[in-house]
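Notes for the one structure printed next.
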Amino acid sequence: MRVTLVNCPGWVRRLPPLGAALLKAFANSQGHEATCLDLSNNLYHATSEKYKPFWNTEHMHYFWMDEGRVRAFIDENEGAVDREVGKILDLQPHVVGFSLYINNLSMTLEVLKRVKKRAPSVFIVVGGPEVCSKAKFLLEHREIDAAVPGEGENALAGLLQTLQESGPRNNLPGAYVRADNPQGYVFTPVPVVEHLDELPFPDFDDFALDTYALPGHMPTYFGRGCFKKCVFCDEAFLWKKWRTRSGRRTFEELRHLKRRHPSVALFEFYDSLLNSDLRALEEFCDAILQDDSWNRPENRFQWLGNAIVRYDMGRPLLEKMAKAGCYLLQLGIESGSQRVVTSMKKGFRVPDADRVLADLHAVGIKAMVNIMVGFPTETEEDFQQTLDFLRRNAPAIDRVAPNGPTGIVENTFLHKNAENIYGVDPGSLHPEFWSTRDGQNTYPVRLDRFQRLCDFAQKLNLKLGAPHRQWEFWREEKLKRYADFKQQRSQPQKTSD
Ligand code: B12
Ligand code: SF4
């Protein structure tokens, strides 16, 4: 079967999409003919200067999630959008698969409708994290034939196989399909890929790497899911089961990609944590250090990724990682208050965070520190402890990523227990604008702390990540939405007789 895998805007165009590159390789390994098209990157290059800034992370939420703005973009870029649809159809696909993330829903719906209109027999499947909570809504769009939640390999392979054999389309394991039953759909789960080492290496050949924002970087992964269960995070909901690859296999993939794309100098681990399995991480470093060819300048590469503070991640391992090319760790520290860290179930002690930062600094690995402000249990005193944490560790911190005021995401432990454990006023349960019952933690309080955190980090000469800029750009709009939300809540609820 010929399948085209498409990513629509808004999808940050730092690096080419790893999900599509993995699915392409997997489909090809099953005897199909897959091609990737990154419409997000293509449309960025095709559009005028006026629209280009909206591909930056800080604009993703407020530009691409607003149907009115997306409509205006399409109206002004009608020709370019149609040319991209033409490129999809020129490949004469039997199946077109769209990757769906929270920010590219509007654009994806628009593009897939155009594809279906011009080629009604093409089978359209959507997949990706956003399908996990929206499958039913997606099937209301008649142009969508199937919707795959979360991990895609097994579902896509099964679906292509069934279509190839002209099998029944009303039960495609791993995919939601419309059905004439009270639910309106049928869904039979498929198992996850148990042994990630068995997956083929991702295939990035369809992407012109030098047209991306970070041309020398390439995404990779150590595993899927997460072994931690931080209460605010929906990673377990998306990936179902935590698994990692072996260090050797991960190294072999990077060596392969470096040979195929010599301009790549840095690999970014895009999964939850690169240090969930310390044995695999050490094996990865050993494989790099024992490979004679890696020591030649033309074969060398660096790497970075997300990590959690672990008391058992000692200086010798960090030293080895530094030698093996580890450039930066992005640490999910979130708060300097042990009380808050514990109520988030992060599972580490703040003194261990101090120690890991000092060790990273000593061995020459940069540290980026993620901070969440205004967690439901955070008081002003806790917040001050976060500022103290930054102050005492500033020499070891390269950059702070202040993750905006804490949001409450659906399908998380925090969301399910917002009222009974975390004291959130149930009537206020909005992802952004929630407040605690005692009125001490409200959206304006969180915004104020967020701003103070950013100002404080800047005073310490620490660089700031993108969410900081998001606040500058969208300040008025956020406050207006909050005011509308409050007004709506203050109106008496209509009762039906
Ligand atoms: C790296 C990363 C980033 C990076 C780079 C993103 C980029 N554009 O390259 C940065 C830091 C820029 C970033 C920013 C944001 N991110 Co981010 N990010 C990630 C992260 C950690 C990895 C993404 C990844 O490549 N994963 C590995 C690949 C293999 O997974 P995948 O893309 O999901 O693909 C698999 C399946 O989804 C499925 N699949 C995908 N496409 C298709 C298509 C078909 C047809 C099928 C059948 C299957 C299928 O199969 C693939 C293989 O199994 C994920 C969390 C995670 N662990 O995945 C969050 C994640 C994708 N980000 C998320 C969010 C919310 C954001 C932001 C909106 C945050 C913000 N408020 O600013 C922004 C905007 C991002 C954007 N639109 O581009 C959410 C998305 C939630 C959702 N419902 O869409 C995630 C899932 C985190 C989370 N748990 O909430 N992010
Ligand atoms: S360590 Fe990170 S990815 Fe894992 S559960 Fe916690 S926040 Fe989520």
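Going by the structure tokens order, chains are called A, B, ..., each with residues numbered from 1, while ligands are numbered from 1 in the order shown.
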
Write out as number ranges by chain each polymer residue (protein, DNA or RNA) that has an atom no more than 7 Å from ligand 1, with only C-alpha atoms and all ligand atoms counted. A: 5, 10-20, 22-23, 57-58, 60-61, 97-104, 125-130, 148, 150-153, 155-156, 221, 224-225, 233-235, 238, 270-272, 467

Which residues sit within 8 Å of ligand 2, counting only C-alpha atoms and all ligand atoms, listed as a PDB file with C-alpha atoms, in the first residue's frame?
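Final file, out-v2.pdb:
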ATOM      1  CA  GLY A 225       6.245   6.124  28.483  1.00  0.00           C
ATOM      2  CA  CYS A 226       7.662   6.903  31.894  1.00  0.00           C
ATOM      3  CA  PHE A 227       8.522   4.955  35.025  1.00  0.00           C
ATOM      4  CA  LYS A 228       7.526   7.884  37.249  1.00  0.00           C
ATOM      5  CA  LYS A 229       3.971   8.934  38.004  1.00  0.00           C
ATOM      6  CA  CYS A 230       4.071  12.666  38.619  1.00  0.00           C
ATOM      7  CA  VAL A 231       0.501  13.639  39.394  1.00  0.00           C
ATOM      8  CA  PHE A 232       0.198  16.445  36.827  1.00  0.00           C
ATOM      9  CA  CYS A 233       1.486  14.448  33.849  1.00  0.00           C
ATOM     10  CA  ASP A 234      -0.473  12.406  31.278  1.00  0.00           C
ATOM     11  CA  GLU A 235       2.482  10.505  29.817  1.00  0.00           C
ATOM     12  CA  ALA A 236       1.220   7.123  31.117  1.00  0.00           C
ATOM     13  CA  ASP A 271      11.151  10.943  25.106  1.00  0.00           C
ATOM     14  CA  SER A 272      10.126  11.524  28.694  1.00  0.00           C
ATOM     15  CA  LEU A 273      13.435  10.664  30.367  1.00  0.00           C
ATOM     16  CA  ASN A 306      15.032  15.200  29.584  1.00  0.00           C
ATOM     17  CA  ALA A 307      16.038  13.701  32.911  1.00  0.00           C
ATOM     18  CA  ILE A 308      14.750  13.277  36.442  1.00  0.00           C
ATOM     19  CA  GLY A 332      12.130  18.332  35.704  1.00  0.00           C
ATOM     20  CA  LYS A 346       8.208  13.587  41.811  1.00  0.00           C
TER      21      LYS A 346
END

Non-local contacts of segment 208-213 of chain A (12 Å; only C-alpha atoms; under 3 positions in same chain excluded) as number ranges by chain: A: 11-17, 36-38, 40-46, 52-53, 55-57, 204-205, 216-219, 260-264

What's the 8 Å shell around segment 281-291 of chain A, counting only C-alpha atoms, without same-chain residues fewer than 3 positions away, as a list in words? Ser246, Gly247, Arg248, Thr250, Phe251, Leu274, Asn275, Asp277, Leu278, Trp294, Asn295, Leu317, Lys320, Met321, Lys323 and Ala324 of chain A

Test item: residues at most 10 Å from Leu163 of chain A, only C-alpha atoms, excluding those fewer than 5 positions along its chain, as a PDB file with N, CA and C atoms, in the first residue's frame:
ATOM      1  N   MET A   1       0.852  -1.192   0.000  1.00  0.00           N
ATOM      2  CA  MET A   1       0.000   0.000   0.000  1.00  0.00           C
ATOM      3  C   MET A   1       0.895   1.252   0.000  1.00  0.00           C
ATOM      4  N   HIS A  94      -2.837   5.377  -1.272  1.00  0.00           N
ATOM      5  CA  HIS A  94      -4.083   4.691  -0.933  1.00  0.00           C
ATOM      6  C   HIS A  94      -4.573   5.189   0.422  1.00  0.00           C
ATOM      7  N   VAL A  95      -3.586   5.512   1.278  1.00  0.00           N
ATOM      8  CA  VAL A  95      -3.900   5.944   2.645  1.00  0.00           C
ATOM      9  C   VAL A  95      -3.129   7.235   2.930  1.00  0.00           C
ATOM     10  N   PHE A 123      -8.128   6.613   1.798  1.00  0.00           N
ATOM     11  CA  PHE A 123      -8.484   6.267   3.184  1.00  0.00           C
ATOM     12  C   PHE A 123      -7.744   7.238   4.109  1.00  0.00           C
ATOM     13  N   GLY A 158      -1.416  -2.999  10.957  1.00  0.00           N
ATOM     14  CA  GLY A 158      -2.608  -3.841  10.838  1.00  0.00           C
ATOM     15  C   GLY A 158      -3.605  -3.250   9.852  1.00  0.00           C
ATOM     16  N   PRO A 168     -12.449  -6.358   5.914  1.00  0.00           N
ATOM     17  CA  PRO A 168     -13.505  -5.475   6.417  1.00  0.00           C
ATOM     18  C   PRO A 168     -12.915  -4.245   7.108  1.00  0.00           C
ATOM     19  N   ARG A 169     -13.514  -3.079   6.804  1.00  0.00           N
ATOM     20  CA  ARG A 169     -12.979  -1.835   7.365  1.00  0.00           C
ATOM     21  C   ARG A 169     -13.704  -1.430   8.645  1.00  0.00           C
ATOM     22  N   LEU A 172     -10.862  -2.260  12.766  1.00  0.00           N
ATOM     23  CA  LEU A 172      -9.425  -2.183  12.503  1.00  0.00           C
ATOM     24  C   LEU A 172      -8.736  -2.093  13.863  1.00  0.00           C
TER      25      LEU A 172
END

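Residues with any atom within 12 Å of Asp312 of chain A, counting only C-alpha atoms and excluding same-chain neighbours fewer than 2 positions away, are Asn275, Ser276, Asp277, Leu278, Arg279, Ile308, Val309, Arg310, Gly314, Arg315, Pro316, Leu317, Leu318, Phe348, Arg349, Asp352, Ala353, Arg355 and Val356 of chain A.
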
Taking the chain letters and numbering used in this document, name the residues of segment 205-388 of chain A that DSSP puts in helix (DSSP H, G or I), as a ChimeraX atom specification. /A:209-211,235-239,247-260,278-290,292-295,297-299,315-323,338-343,350-363,380-388
